[in-house]
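Encoded as structure tokens, the structure appears first; notes follow it.
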Amino acid sequence: IYAPPLLASMQILSGSRMRGTGSAILLIGLLLVGQGMGPALSGFLSDIFMESNTAIADHLSLRNALAWMSSFFLFGSVLVFFAGRFMNRGIEDARRFDAELP
């Protein structure tokens, strides 16, 4: 759900000469953080919950870890909300930048 609006806003906010580089940097960041660190962090949290007394069985530690990982969605949605407040100014800056290029 997050990818199409994110990629579209990146295309709008970057200048015409920087769209390819911006897309590459954005996708590398998404892959490294989301798919690289996400599963490792959820496994690490599951191990921590397994060692603590909060988990009675194996599946409860994984459930607790995934519940904590879902809190990142709330944090991300707050960041997107605040970033959206500056979207119009960013679009205007990108248009001015494109107009100044020879």
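Numbering starts fresh at 1 for the residues of each chain in the structure tokens, the chains themselves are lettered A, B, ... in the order given, and ligands are numbered from 1 as they appear.
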Spatial neighbours of A:Phe72, 12 Å, only C-alpha atoms, chain gap at least 3 places, as a ChimeraX atom specification = /A:33-34,38,41-42,65-69,75-79
task = Find the residues near A:His59: any atom within 10 Å, counting only C-alpha atoms, skip ones fewer than 4 places away on the same chain, and give them as a list in words.
result = Ser46, Met50, Ala55, Arg63, Asn64 and Ala65 of chain A
Produce a file of the selected residues containing N, CA, C and O atoms, as a JSON list (two decimals), in the first residue's frame.
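And here is the file that came out, result_0.json:
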```json
[["chain", "number", "residue", "atom", "x", "y", "z"],
["A", 46, "SER", "N", 11.99, -11.81, 19.03],
["A", 46, "SER", "CA", 11.41, -13.10, 19.41],
["A", 46, "SER", "C", 12.34, -13.85, 20.37],
["A", 46, "SER", "O", 11.88, -14.46, 21.33],
["A", 50, "MET", "N", 11.56, -14.84, 24.17],
["A", 50, "MET", "CA", 11.66, -16.24, 24.56],
["A", 50, "MET", "C", 12.46, -16.37, 25.86],
["A", 50, "MET", "O", 12.13, -17.18, 26.72],
["A", 55, "ALA", "N", 6.87, -14.93, 27.62],
["A", 55, "ALA", "CA", 6.39, -15.92, 26.66],
["A", 55, "ALA", "C", 6.25, -17.27, 27.34],
["A", 55, "ALA", "O", 7.17, -17.77, 27.97],
["A", 63, "ARG", "N", 4.67, -14.09, 18.38],
["A", 63, "ARG", "CA", 3.50, -13.21, 18.31],
["A", 63, "ARG", "C", 3.80, -11.87, 18.95],
["A", 63, "ARG", "O", 3.47, -10.81, 18.40],
["A", 64, "ASN", "N", 4.46, -11.89, 20.10],
["A", 64, "ASN", "CA", 4.81, -10.63, 20.77],
["A", 64, "ASN", "C", 5.80, -9.82, 19.94],
["A", 64, "ASN", "O", 5.71, -8.60, 19.87],
["A", 65, "ALA", "N", 6.76, -10.50, 19.33],
["A", 65, "ALA", "CA", 7.75, -9.80, 18.50],
["A", 65, "ALA", "C", 7.08, -9.14, 17.30],
["A", 65, "ALA", "O", 7.38, -7.99, 16.96]]
```
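The coordinates place atom CA of A:Asp98 at 8.4 Å from atom CA of A:Arg17.
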message = Taking only C-alpha atoms into account, name the residue in A:Ser71, A:Ser16, A:Ser23, A:Gln35 that is nearest to A:Pro4.
response = A:Ser23
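Proximity ranking of A:Leu26, A:Phe44, A:Pro102, A:Gly36 relative to A:Ser14 places A:Leu26 first, based on only C-alpha atoms.
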Extract, using only C-alpha atoms, all DNA, RNA and protein residues at most 10 Å from A:Ile91, discarding same-chain residues fewer than 2 positions from it, and format them as a PDB file with all heavy atoms, in the first residue's frame.
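Final output, around12.pdb:
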```pdb
ATOM      1  N   SER A   9       5.324  10.275  -5.184  1.00  0.00           N
ATOM      2  CA  SER A   9       5.737  11.542  -4.576  1.00  0.00           C
ATOM      3  C   SER A   9       7.219  11.795  -4.788  1.00  0.00           C
ATOM      4  O   SER A   9       7.640  12.936  -4.963  1.00  0.00           O
ATOM      5  CB  SER A   9       5.388  11.565  -3.092  1.00  0.00           C
ATOM      6  OG  SER A   9       6.079  10.561  -2.413  1.00  0.00           O
ATOM      7  N   ILE A  12       7.545  13.205  -8.249  1.00  0.00           N
ATOM      8  CA  ILE A  12       7.067  14.588  -8.322  1.00  0.00           C
ATOM      9  C   ILE A  12       8.066  15.538  -7.667  1.00  0.00           C
ATOM     10  O   ILE A  12       8.337  16.628  -8.194  1.00  0.00           O
ATOM     11  CB  ILE A  12       5.683  14.706  -7.646  1.00  0.00           C
ATOM     12  CG1 ILE A  12       4.636  13.961  -8.465  1.00  0.00           C
ATOM     13  CG2 ILE A  12       5.276  16.166  -7.472  1.00  0.00           C
ATOM     14  CD1 ILE A  12       3.303  13.837  -7.769  1.00  0.00           C
ATOM     15  N   LEU A  13       8.628  15.141  -6.541  1.00  0.00           N
ATOM     16  CA  LEU A  13       9.488  16.044  -5.778  1.00  0.00           C
ATOM     17  C   LEU A  13      10.911  16.140  -6.308  1.00  0.00           C
ATOM     18  O   LEU A  13      11.620  17.077  -5.964  1.00  0.00           O
ATOM     19  CB  LEU A  13       9.526  15.604  -4.312  1.00  0.00           C
ATOM     20  CG  LEU A  13       8.222  15.794  -3.550  1.00  0.00           C
ATOM     21  CD1 LEU A  13       8.321  15.169  -2.190  1.00  0.00           C
ATOM     22  CD2 LEU A  13       7.871  17.262  -3.454  1.00  0.00           C
ATOM     23  N   SER A  14      11.335  15.197  -7.117  1.00  0.00           N
ATOM     24  CA  SER A  14      12.697  15.275  -7.649  1.00  0.00           C
ATOM     25  C   SER A  14      12.680  15.977  -8.995  1.00  0.00           C
ATOM     26  O   SER A  14      11.680  15.966  -9.715  1.00  0.00           O
ATOM     27  CB  SER A  14      13.304  13.880  -7.783  1.00  0.00           C
ATOM     28  OG  SER A  14      12.553  13.112  -8.680  1.00  0.00           O
ATOM     29  N   GLY A  15      13.783  16.587  -9.336  1.00  0.00           N
ATOM     30  CA  GLY A  15      13.898  17.254 -10.616  1.00  0.00           C
ATOM     31  C   GLY A  15      13.934  16.247 -11.752  1.00  0.00           C
ATOM     32  O   GLY A  15      14.136  15.043 -11.551  1.00  0.00           O
ATOM     33  N   PHE A  86       4.466  19.276   4.046  1.00  0.00           N
ATOM     34  CA  PHE A  86       5.440  20.061   3.297  1.00  0.00           C
ATOM     35  C   PHE A  86       5.463  19.692   1.819  1.00  0.00           C
ATOM     36  O   PHE A  86       6.351  20.119   1.090  1.00  0.00           O
ATOM     37  CB  PHE A  86       6.830  19.861   3.893  1.00  0.00           C
ATOM     38  CG  PHE A  86       6.921  20.275   5.331  1.00  0.00           C
ATOM     39  CD1 PHE A  86       6.941  19.325   6.336  1.00  0.00           C
ATOM     40  CD2 PHE A  86       6.957  21.608   5.671  1.00  0.00           C
ATOM     41  CE1 PHE A  86       7.013  19.693   7.659  1.00  0.00           C
ATOM     42  CE2 PHE A  86       7.030  21.997   6.992  1.00  0.00           C
ATOM     43  CZ  PHE A  86       7.055  21.037   7.997  1.00  0.00           C
ATOM     44  N   MET A  87       4.506  18.915   1.363  1.00  0.00           N
ATOM     45  CA  MET A  87       4.513  18.409  -0.007  1.00  0.00           C
ATOM     46  C   MET A  87       4.352  19.543  -1.024  1.00  0.00           C
ATOM     47  O   MET A  87       5.068  19.574  -2.025  1.00  0.00           O
ATOM     48  CB  MET A  87       3.396  17.382  -0.169  1.00  0.00           C
ATOM     49  CG  MET A  87       3.343  16.731  -1.484  1.00  0.00           C
ATOM     50  SD  MET A  87       4.509  15.394  -1.509  1.00  0.00           S
ATOM     51  CE  MET A  87       4.060  14.653  -3.040  1.00  0.00           C
ATOM     52  N   ASN A  88       3.433  20.461  -0.804  1.00  0.00           N
ATOM     53  CA  ASN A  88       3.211  21.538  -1.767  1.00  0.00           C
ATOM     54  C   ASN A  88       4.446  22.414  -1.938  1.00  0.00           C
ATOM     55  O   ASN A  88       4.791  22.810  -3.051  1.00  0.00           O
ATOM     56  CB  ASN A  88       2.009  22.394  -1.354  1.00  0.00           C
ATOM     57  CG  ASN A  88       0.707  21.659  -1.520  1.00  0.00           C
ATOM     58  OD1 ASN A  88       0.594  20.769  -2.364  1.00  0.00           O
ATOM     59  ND2 ASN A  88      -0.269  22.005  -0.712  1.00  0.00           N
ATOM     60  N   ARG A  89       5.104  22.708  -0.839  1.00  0.00           N
ATOM     61  CA  ARG A  89       6.325  23.514  -0.924  1.00  0.00           C
ATOM     62  C   ARG A  89       7.419  22.765  -1.676  1.00  0.00           C
ATOM     63  O   ARG A  89       8.161  23.356  -2.463  1.00  0.00           O
ATOM     64  CB  ARG A  89       6.805  23.896   0.474  1.00  0.00           C
ATOM     65  CG  ARG A  89       7.903  24.940   0.434  1.00  0.00           C
ATOM     66  CD  ARG A  89       8.209  25.438   1.791  1.00  0.00           C
ATOM     67  NE  ARG A  89       9.120  24.501   2.428  1.00  0.00           N
ATOM     68  CZ  ARG A  89       9.477  24.546   3.699  1.00  0.00           C
ATOM     69  NH1 ARG A  89       8.969  25.458   4.485  1.00  0.00           N
ATOM     70  NH2 ARG A  89      10.314  23.681   4.193  1.00  0.00           N
ATOM     71  N   ASP A  93       9.323  23.895  -5.167  1.00  0.00           N
ATOM     72  CA  ASP A  93      10.783  23.942  -5.253  1.00  0.00           C
ATOM     73  C   ASP A  93      11.293  23.116  -6.424  1.00  0.00           C
ATOM     74  O   ASP A  93      12.221  23.524  -7.127  1.00  0.00           O
ATOM     75  CB  ASP A  93      11.419  23.450  -3.955  1.00  0.00           C
ATOM     76  CG  ASP A  93      11.229  24.419  -2.808  1.00  0.00           C
ATOM     77  OD1 ASP A  93      10.902  25.596  -3.065  1.00  0.00           O
ATOM     78  OD2 ASP A  93      11.403  23.982  -1.643  1.00  0.00           O
ATOM     79  N   ALA A  94      10.707  21.952  -6.659  1.00  0.00           N
ATOM     80  CA  ALA A  94      11.125  21.104  -7.781  1.00  0.00           C
ATOM     81  C   ALA A  94      10.814  21.765  -9.116  1.00  0.00           C
ATOM     82  O   ALA A  94      11.615  21.702 -10.056  1.00  0.00           O
ATOM     83  CB  ALA A  94      10.439  19.742  -7.695  1.00  0.00           C
ATOM     84  N   ARG A  95       9.679  22.423  -9.217  1.00  0.00           N
ATOM     85  CA  ARG A  95       9.327  23.130 -10.471  1.00  0.00           C
ATOM     86  C   ARG A  95      10.277  24.301 -10.720  1.00  0.00           C
ATOM     87  O   ARG A  95      10.678  24.549 -11.850  1.00  0.00           O
ATOM     88  CB  ARG A  95       7.885  23.610 -10.409  1.00  0.00           C
ATOM     89  CG  ARG A  95       6.899  22.491 -10.554  1.00  0.00           C
ATOM     90  CD  ARG A  95       5.489  22.998 -10.582  1.00  0.00           C
ATOM     91  NE  ARG A  95       4.579  21.855 -10.670  1.00  0.00           N
ATOM     92  CZ  ARG A  95       3.313  21.898 -10.290  1.00  0.00           C
ATOM     93  NH1 ARG A  95       2.818  23.022  -9.805  1.00  0.00           N
ATOM     94  NH2 ARG A  95       2.561  20.838 -10.397  1.00  0.00           N
ATOM     95  N   ARG A  96      10.623  25.052  -9.657  1.00  0.00           N
ATOM     96  CA  ARG A  96      11.573  26.142  -9.825  1.00  0.00           C
ATOM     97  C   ARG A  96      12.935  25.624 -10.234  1.00  0.00           C
ATOM     98  O   ARG A  96      13.614  26.211 -11.072  1.00  0.00           O
ATOM     99  CB  ARG A  96      11.682  26.935  -8.508  1.00  0.00           C
ATOM    100  CG  ARG A  96      10.806  28.140  -8.441  1.00  0.00           C
ATOM    101  CD  ARG A  96      11.223  29.096  -7.343  1.00  0.00           C
ATOM    102  NE  ARG A  96      11.547  28.459  -6.075  1.00  0.00           N
ATOM    103  CZ  ARG A  96      10.664  28.219  -5.108  1.00  0.00           C
ATOM    104  NH1 ARG A  96       9.415  28.523  -5.293  1.00  0.00           N
ATOM    105  NH2 ARG A  96      11.043  27.659  -3.988  1.00  0.00           N
ATOM    106  N   PHE A  97      13.359  24.494  -9.660  1.00  0.00           N
ATOM    107  CA  PHE A  97      14.642  23.904 -10.003  1.00  0.00           C
ATOM    108  C   PHE A  97      14.658  23.477 -11.452  1.00  0.00           C
ATOM    109  O   PHE A  97      15.661  23.708 -12.167  1.00  0.00           O
ATOM    110  CB  PHE A  97      14.913  22.702  -9.089  1.00  0.00           C
ATOM    111  CG  PHE A  97      16.217  22.026  -9.370  1.00  0.00           C
ATOM    112  CD1 PHE A  97      17.411  22.601  -8.965  1.00  0.00           C
ATOM    113  CD2 PHE A  97      16.264  20.828 -10.048  1.00  0.00           C
ATOM    114  CE1 PHE A  97      18.626  21.987  -9.218  1.00  0.00           C
ATOM    115  CE2 PHE A  97      17.460  20.200 -10.313  1.00  0.00           C
ATOM    116  CZ  PHE A  97      18.639  20.783  -9.899  1.00  0.00           C
TER     117      PHE A  97
END
```
Filtered DSSP result for stretch 2-53 of chain A, state alpha helix (DSSP H), as a PDB file with N, CA, C and O atoms, in the first residue's frame:
```pdb
ATOM      1  N   ALA A   3       3.987   1.705  -1.244  1.00  0.00           N
ATOM      2  CA  ALA A   3       4.958   1.896  -2.322  1.00  0.00           C
ATOM      3  C   ALA A   3       4.481   2.825  -3.441  1.00  0.00           C
ATOM      4  O   ALA A   3       5.222   3.738  -3.828  1.00  0.00           O
ATOM      5  N   PRO A   4       3.291   2.659  -4.016  1.00  0.00           N
ATOM      6  CA  PRO A   4       2.911   3.556  -5.114  1.00  0.00           C
ATOM      7  C   PRO A   4       2.856   5.034  -4.732  1.00  0.00           C
ATOM      8  O   PRO A   4       3.411   5.870  -5.466  1.00  0.00           O
ATOM      9  N   PRO A   5       2.250   5.425  -3.604  1.00  0.00           N
ATOM     10  CA  PRO A   5       2.278   6.851  -3.258  1.00  0.00           C
ATOM     11  C   PRO A   5       3.684   7.364  -2.964  1.00  0.00           C
ATOM     12  O   PRO A   5       4.017   8.498  -3.295  1.00  0.00           O
ATOM     13  N   LEU A   6       4.496   6.521  -2.354  1.00  0.00           N
ATOM     14  CA  LEU A   6       5.859   6.933  -2.032  1.00  0.00           C
ATOM     15  C   LEU A   6       6.678   7.152  -3.299  1.00  0.00           C
ATOM     16  O   LEU A   6       7.367   8.162  -3.441  1.00  0.00           O
ATOM     17  N   LEU A   7       6.590   6.218  -4.237  1.00  0.00           N
ATOM     18  CA  LEU A   7       7.333   6.363  -5.489  1.00  0.00           C
ATOM     19  C   LEU A   7       6.806   7.523  -6.327  1.00  0.00           C
ATOM     20  O   LEU A   7       7.586   8.252  -6.958  1.00  0.00           O
ATOM     21  N   ALA A   8       5.488   7.710  -6.337  1.00  0.00           N
ATOM     22  CA  ALA A   8       4.921   8.831  -7.095  1.00  0.00           C
ATOM     23  C   ALA A   8       5.336  10.167  -6.502  1.00  0.00           C
ATOM     24  O   ALA A   8       5.688  11.099  -7.236  1.00  0.00           O
ATOM     25  N   SER A   9       5.324  10.275  -5.184  1.00  0.00           N
ATOM     26  CA  SER A   9       5.737  11.542  -4.576  1.00  0.00           C
ATOM     27  C   SER A   9       7.219  11.795  -4.788  1.00  0.00           C
ATOM     28  O   SER A   9       7.640  12.936  -4.963  1.00  0.00           O
ATOM     29  N   MET A  10       8.028  10.734  -4.808  1.00  0.00           N
ATOM     30  CA  MET A  10       9.451  10.916  -5.086  1.00  0.00           C
ATOM     31  C   MET A  10       9.651  11.410  -6.515  1.00  0.00           C
ATOM     32  O   MET A  10      10.487  12.275  -6.760  1.00  0.00           O
ATOM     33  N   GLN A  11       8.873  10.901  -7.463  1.00  0.00           N
ATOM     34  CA  GLN A  11       8.980  11.341  -8.843  1.00  0.00           C
ATOM     35  C   GLN A  11       8.551  12.808  -8.997  1.00  0.00           C
ATOM     36  O   GLN A  11       9.122  13.546  -9.784  1.00  0.00           O
ATOM     37  N   ILE A  12       7.545  13.205  -8.249  1.00  0.00           N
ATOM     38  CA  ILE A  12       7.067  14.588  -8.322  1.00  0.00           C
ATOM     39  C   ILE A  12       8.066  15.538  -7.667  1.00  0.00           C
ATOM     40  O   ILE A  12       8.337  16.628  -8.194  1.00  0.00           O
ATOM     41  N   LEU A  13       8.628  15.141  -6.541  1.00  0.00           N
ATOM     42  CA  LEU A  13       9.488  16.044  -5.778  1.00  0.00           C
ATOM     43  C   LEU A  13      10.911  16.140  -6.308  1.00  0.00           C
ATOM     44  O   LEU A  13      11.620  17.077  -5.964  1.00  0.00           O
ATOM     45  N   ARG A  19      15.464  11.949 -11.328  1.00  0.00           N
ATOM     46  CA  ARG A  19      14.431  10.959 -11.031  1.00  0.00           C
ATOM     47  C   ARG A  19      14.976   9.545 -10.969  1.00  0.00           C
ATOM     48  O   ARG A  19      14.590   8.760 -10.112  1.00  0.00           O
ATOM     49  N   GLY A  20      15.870   9.182 -11.859  1.00  0.00           N
ATOM     50  CA  GLY A  20      16.440   7.842 -11.844  1.00  0.00           C
ATOM     51  C   GLY A  20      17.287   7.602 -10.612  1.00  0.00           C
ATOM     52  O   GLY A  20      17.186   6.556  -9.957  1.00  0.00           O
ATOM     53  N   THR A  21      18.119   8.580 -10.281  1.00  0.00           N
ATOM     54  CA  THR A  21      18.962   8.454  -9.087  1.00  0.00           C
ATOM     55  C   THR A  21      18.116   8.447  -7.824  1.00  0.00           C
ATOM     56  O   THR A  21      18.364   7.665  -6.900  1.00  0.00           O
ATOM     57  N   GLY A  22      17.099   9.280  -7.794  1.00  0.00           N
ATOM     58  CA  GLY A  22      16.217   9.308  -6.626  1.00  0.00           C
ATOM     59  C   GLY A  22      15.477   8.000  -6.436  1.00  0.00           C
ATOM     60  O   GLY A  22      15.338   7.511  -5.315  1.00  0.00           O
ATOM     61  N   SER A  23      15.004   7.415  -7.536  1.00  0.00           N
ATOM     62  CA  SER A  23      14.316   6.119  -7.442  1.00  0.00           C
ATOM     63  C   SER A  23      15.255   5.039  -6.951  1.00  0.00           C
ATOM     64  O   SER A  23      14.883   4.200  -6.119  1.00  0.00           O
ATOM     65  N   ALA A  24      16.481   5.033  -7.456  1.00  0.00           N
ATOM     66  CA  ALA A  24      17.447   4.013  -7.039  1.00  0.00           C
ATOM     67  C   ALA A  24      17.790   4.140  -5.561  1.00  0.00           C
ATOM     68  O   ALA A  24      17.822   3.142  -4.831  1.00  0.00           O
ATOM     69  N   ILE A  25      18.023   5.356  -5.091  1.00  0.00           N
ATOM     70  CA  ILE A  25      18.362   5.560  -3.682  1.00  0.00           C
ATOM     71  C   ILE A  25      17.189   5.193  -2.786  1.00  0.00           C
ATOM     72  O   ILE A  25      17.363   4.551  -1.737  1.00  0.00           O
ATOM     73  N   LEU A  26      15.979   5.567  -3.197  1.00  0.00           N
ATOM     74  CA  LEU A  26      14.797   5.235  -2.410  1.00  0.00           C
ATOM     75  C   LEU A  26      14.602   3.725  -2.316  1.00  0.00           C
ATOM     76  O   LEU A  26      14.359   3.184  -1.230  1.00  0.00           O
ATOM     77  N   LEU A  27      14.719   3.023  -3.428  1.00  0.00           N
ATOM     78  CA  LEU A  27      14.508   1.576  -3.407  1.00  0.00           C
ATOM     79  C   LEU A  27      15.610   0.847  -2.639  1.00  0.00           C
ATOM     80  O   LEU A  27      15.327  -0.139  -1.948  1.00  0.00           O
ATOM     81  N   ILE A  28      16.835   1.313  -2.739  1.00  0.00           N
ATOM     82  CA  ILE A  28      17.910   0.704  -1.947  1.00  0.00           C
ATOM     83  C   ILE A  28      17.639   0.892  -0.456  1.00  0.00           C
ATOM     84  O   ILE A  28      17.793  -0.029   0.338  1.00  0.00           O
ATOM     85  N   GLY A  29      17.216   2.087  -0.084  1.00  0.00           N
ATOM     86  CA  GLY A  29      16.891   2.328   1.320  1.00  0.00           C
ATOM     87  C   GLY A  29      15.738   1.472   1.807  1.00  0.00           C
ATOM     88  O   GLY A  29      15.776   0.918   2.907  1.00  0.00           O
ATOM     89  N   LEU A  30      14.692   1.349   0.981  1.00  0.00           N
ATOM     90  CA  LEU A  30      13.557   0.526   1.369  1.00  0.00           C
ATOM     91  C   LEU A  30      13.949  -0.940   1.515  1.00  0.00           C
ATOM     92  O   LEU A  30      13.518  -1.625   2.442  1.00  0.00           O
ATOM     93  N   GLY A  38      14.185  -5.793   8.868  1.00  0.00           N
ATOM     94  CA  GLY A  38      12.896  -6.193   9.441  1.00  0.00           C
ATOM     95  C   GLY A  38      12.855  -7.620   9.942  1.00  0.00           C
ATOM     96  O   GLY A  38      12.534  -7.858  11.120  1.00  0.00           O
ATOM     97  N   PRO A  39      13.149  -8.609   9.097  1.00  0.00           N
ATOM     98  CA  PRO A  39      13.123  -9.994   9.594  1.00  0.00           C
ATOM     99  C   PRO A  39      14.165 -10.260  10.676  1.00  0.00           C
ATOM    100  O   PRO A  39      13.894 -11.002  11.635  1.00  0.00           O
ATOM    101  N   ALA A  40      15.334  -9.652  10.552  1.00  0.00           N
ATOM    102  CA  ALA A  40      16.365  -9.862  11.569  1.00  0.00           C
ATOM    103  C   ALA A  40      15.939  -9.267  12.899  1.00  0.00           C
ATOM    104  O   ALA A  40      16.144  -9.873  13.963  1.00  0.00           O
ATOM    105  N   LEU A  41      15.333  -8.094  12.867  1.00  0.00           N
ATOM    106  CA  LEU A  41      14.885  -7.460  14.110  1.00  0.00           C
ATOM    107  C   LEU A  41      13.737  -8.232  14.741  1.00  0.00           C
ATOM    108  O   LEU A  41      13.680  -8.374  15.972  1.00  0.00           O
ATOM    109  N   SER A  42      12.817  -8.738  13.936  1.00  0.00           N
ATOM    110  CA  SER A  42      11.712  -9.513  14.512  1.00  0.00           C
ATOM    111  C   SER A  42      12.217 -10.821  15.118  1.00  0.00           C
ATOM    112  O   SER A  42      11.726 -11.253  16.163  1.00  0.00           O
ATOM    113  N   GLY A  43      13.202 -11.456  14.490  1.00  0.00           N
ATOM    114  CA  GLY A  43      13.787 -12.653  15.088  1.00  0.00           C
ATOM    115  C   GLY A  43      14.528 -12.343  16.375  1.00  0.00           C
ATOM    116  O   GLY A  43      14.472 -13.114  17.347  1.00  0.00           O
ATOM    117  N   PHE A  44      15.235 -11.228  16.398  1.00  0.00           N
ATOM    118  CA  PHE A  44      15.953 -10.806  17.612  1.00  0.00           C
ATOM    119  C   PHE A  44      14.973 -10.545  18.747  1.00  0.00           C
ATOM    120  O   PHE A  44      15.186 -10.970  19.885  1.00  0.00           O
ATOM    121  N   LEU A  45      13.873  -9.849  18.443  1.00  0.00           N
ATOM    122  CA  LEU A  45      12.860  -9.593  19.474  1.00  0.00           C
ATOM    123  C   LEU A  45      12.212 -10.888  19.947  1.00  0.00           C
ATOM    124  O   LEU A  45      11.912 -11.047  21.134  1.00  0.00           O
ATOM    125  N   SER A  46      11.989 -11.815  19.029  1.00  0.00           N
ATOM    126  CA  SER A  46      11.414 -13.103  19.409  1.00  0.00           C
ATOM    127  C   SER A  46      12.340 -13.847  20.367  1.00  0.00           C
ATOM    128  O   SER A  46      11.876 -14.459  21.335  1.00  0.00           O
ATOM    129  N   ASP A  47      13.633 -13.793  20.104  1.00  0.00           N
ATOM    130  CA  ASP A  47      14.591 -14.427  21.009  1.00  0.00           C
ATOM    131  C   ASP A  47      14.601 -13.757  22.378  1.00  0.00           C
ATOM    132  O   ASP A  47      14.702 -14.427  23.406  1.00  0.00           O
ATOM    133  N   ILE A  48      14.495 -12.444  22.393  1.00  0.00           N
ATOM    134  CA  ILE A  48      14.461 -11.726  23.672  1.00  0.00           C
ATOM    135  C   ILE A  48      13.206 -12.099  24.458  1.00  0.00           C
ATOM    136  O   ILE A  48      13.265 -12.364  25.663  1.00  0.00           O
ATOM    137  N   PHE A  49      12.058 -12.160  23.763  1.00  0.00           N
ATOM    138  CA  PHE A  49      10.827 -12.523  24.455  1.00  0.00           C
ATOM    139  C   PHE A  49      10.835 -13.986  24.896  1.00  0.00           C
ATOM    140  O   PHE A  49      10.191 -14.341  25.878  1.00  0.00           O
ATOM    141  N   MET A  50      11.557 -14.837  24.173  1.00  0.00           N
ATOM    142  CA  MET A  50      11.658 -16.236  24.559  1.00  0.00           C
ATOM    143  C   MET A  50      12.456 -16.373  25.856  1.00  0.00           C
ATOM    144  O   MET A  50      12.129 -17.179  26.720  1.00  0.00           O
ATOM    145  N   GLU A  51      13.506 -15.586  25.997  1.00  0.00           N
ATOM    146  CA  GLU A  51      14.343 -15.662  27.192  1.00  0.00           C
ATOM    147  C   GLU A  51      13.675 -15.034  28.411  1.00  0.00           C
ATOM    148  O   GLU A  51      13.958 -15.416  29.540  1.00  0.00           O
TER     149      GLU A  51
END
```
